[in-house]
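Below is one structure, written out as structure tokens; the observations come after it.
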Amino acid sequence: MAAGANLVWKIGDVSITRVVESCNPIAPTGLFPDATAEAVARHASWLAPHFLTPGGDFLLSIHALVVEAGGQRILVDTCIGEHPLPGYEALTAGPRTFLDDLAAAGFARETIDVVLCTHLHFDHVGWNTMNVDGRWVPTFPNARYLFAREEWEHWKGLGGGDFAATLDDAVRPVIDAGLADLVETDHRINDEVRLESTPGHTPGHVAVRIDSAGKRAMITGDLSHHPIQWAEPDWPMSADSDSAQAARTRRRLIGEHADADLLVIGTHYAPPCAGHLVSRGGICVLETDD
Ligand SMILES: [Zn+2]
């Protein structure tokens, strides 16, 4: 892979392209309070080198995935964008080249047909809108934006806040513009792409399932932030709405897909970003192709 090249996966007739906003080290306990150095070291043999740095940090990638299926261009999650986030300056500093990078990958913003947010936390909705003369306007003018109704109702009721702090800037303008469809958590987008209810991290969280020509993949959203959560499915994550429910969701998926032919593509996984769930020594690990 050339430096700066986008990762692309082929799932039957479907293509999935990763466009990166940022990828930075993060202390494991910054994601999972239980991820002490000792606990992480137990998994170093399969996490390194892709998912664990020599210094013992995790890598947190923030990227979008463009799914080309059924003649549609579906943008799954829209990163952080241009929204100022008090307390998260490190994540939002620097040039914001995502839209240029998306266009350079062949996906000019006017050509996106569907935007799907797996949930409404700030790092999944950011580029839903862009700042034009001080106003937040939809970035993808020709897209239908899909939000799970349950997810929208939850955060709307709370008035955003915390991890949905950009609700008013990155979600509400899309709804006000008439570009949003509030869908059920098992919504089917086309013959090859559908949503799957995966609650816990947030109440209306969805994964994206791709089935094409006998091949299968799942885009995780934040049902898994890092591959270690397959081996430690009960670990809470600091931004979970309901960690016990999130654990049940992961355990269900392990039961359904461990040692099966499903490519798991992580929304926050560092390159190579994807692998298969494999039983090894009584736990489930993510096995990459290299
Ligand atoms: Zn996230």
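Letters A, B, ... go to the chains of the structure tokens in the order shown; residues in each chain start at 1; ligands are counted from 1 in the same order.
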Inset, instruction - Go through segment 62-264 of chain A and collect every residue that DSSP, computed from the backbone, puts in alpha helix (DSSP H); the answer should be as a ChimeraX atom specification. - result: /A:89-92,98-104,122-125,149-158,167-170,172-176,228-231,243-257
Legend entry - Contact residues around Leu146 of chain A with only C-alpha atoms at 9 Å, ignoring same-chain residues under 4 positions, as a list of chain:residue names: A:Val114, A:Val115, A:Leu116, A:Cys117, A:Leu179, A:Ala180, A:Asp181, A:Leu182, A:Val183
Within 7 Å of ligand 1, counting only C-alpha atoms and all ligand atoms: which residues, as a compact mmCIF listing (two decimals) with C-alpha atoms, in the first residue's frame?
```txt
# COMPACT_ATOMS: atom_id res chain seq x y z
CA HIS A 121 -21.74 10.76 18.58
CA ASP A 123 -17.01 11.61 15.61
CA HIS A 124 -19.62 9.98 13.34
CA GLY A 221 -19.58 1.53 14.00
CA ASP A 222 -18.76 1.75 17.70
CA HIS A 225 -13.81 0.58 19.07
CA HIS A 268 -12.05 3.02 14.50
```
Inset, instruction - Determine, counting only C-alpha atoms, which protein, DNA and RNA residues have an atom within 12 Å of an atom of Gly282 of chain A; residues of the same chain fewer than 6 positions away are not included. Present the result as JSON, numbers by chain. - result: {"A": [230, 231, 232, 258]}
Nearby residues (only C-alpha atoms) at most 10 Å from segment 88-92 of chain A, same-chain spacing under 5 positions excluded, as a compact mmCIF listing (two decimals) with N, CA, C and O atoms, in the first residue's frame:
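Result file is selection26.txt:
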```
# COMPACT_ATOMS: atom_id res chain seq x y z
N GLU A 21 -9.77 10.59 8.25
CA GLU A 21 -9.66 11.95 8.77
C GLU A 21 -8.43 12.07 9.66
O GLU A 21 -7.66 13.01 9.56
N SER A 22 -8.24 11.11 10.58
CA SER A 22 -7.07 11.15 11.47
C SER A 22 -6.83 9.77 12.02
O SER A 22 -7.72 8.92 12.03
N CYS A 23 -5.59 9.52 12.48
CA CYS A 23 -5.27 8.25 13.14
C CYS A 23 -4.17 8.54 14.14
O CYS A 23 -3.06 8.91 13.75
N ASN A 24 -4.48 8.41 15.42
CA ASN A 24 -3.56 8.84 16.46
C ASN A 24 -3.47 7.82 17.59
O ASN A 24 -4.44 7.09 17.86
N ILE A 62 -9.98 7.62 12.82
CA ILE A 62 -11.29 8.22 12.55
C ILE A 62 -11.40 8.33 11.04
O ILE A 62 -10.63 9.06 10.40
N ILE A 80 -15.28 13.80 12.32
CA ILE A 80 -15.49 14.91 13.28
C ILE A 80 -15.83 16.20 12.55
O ILE A 80 -16.64 17.00 13.03
N GLY A 81 -15.18 16.41 11.40
CA GLY A 81 -15.50 17.62 10.64
C GLY A 81 -14.91 18.87 11.25
O GLY A 81 -13.86 18.84 11.90
N GLU A 82 -15.60 19.97 11.04
CA GLU A 82 -15.07 21.29 11.39
C GLU A 82 -15.61 21.82 12.71
O GLU A 82 -15.45 23.00 13.00
N HIS A 83 -16.26 20.99 13.48
CA HIS A 83 -16.96 21.47 14.66
C HIS A 83 -16.01 21.63 15.84
O HIS A 83 -15.32 20.68 16.22
N ASP A 123 -18.02 12.05 16.57
CA ASP A 123 -17.01 11.61 15.61
C ASP A 123 -17.61 10.74 14.49
O ASP A 123 -16.87 10.11 13.73
```
Inset, instruction - Give me the residues within 10 Å of segment 199-206 of chain A as a VMD selection string, counting only C-alpha atoms and dropping any in the same chain fewer than 5 places off. - result: chain A and resid 116 to 121 147 to 155 184 to 187 194 219 to 225 236 to 250
Inset, instruction - Could you give me, as a list in words, each residue of segment 99-180 of chain A that DSSP assigns to strand (DSSP E or B) when run on this structure's backbone? - result: Val114, Val115, Leu116, Thr129, Met130, Asn131, Val132, Arg135, Trp136, Val137, Pro138, Arg144, Tyr145, Leu146, Phe147, Ala148 and Ala180 of chain A
Inset, instruction - Can you pull out every residue within 9 Å of Leu59 of chain A, counting only C-alpha atoms, but drop anything in the same chain fewer than 5 positions away, and send it as a PyMOL selection string? - result: chain A and resi 23-28+50-53+226+268-270
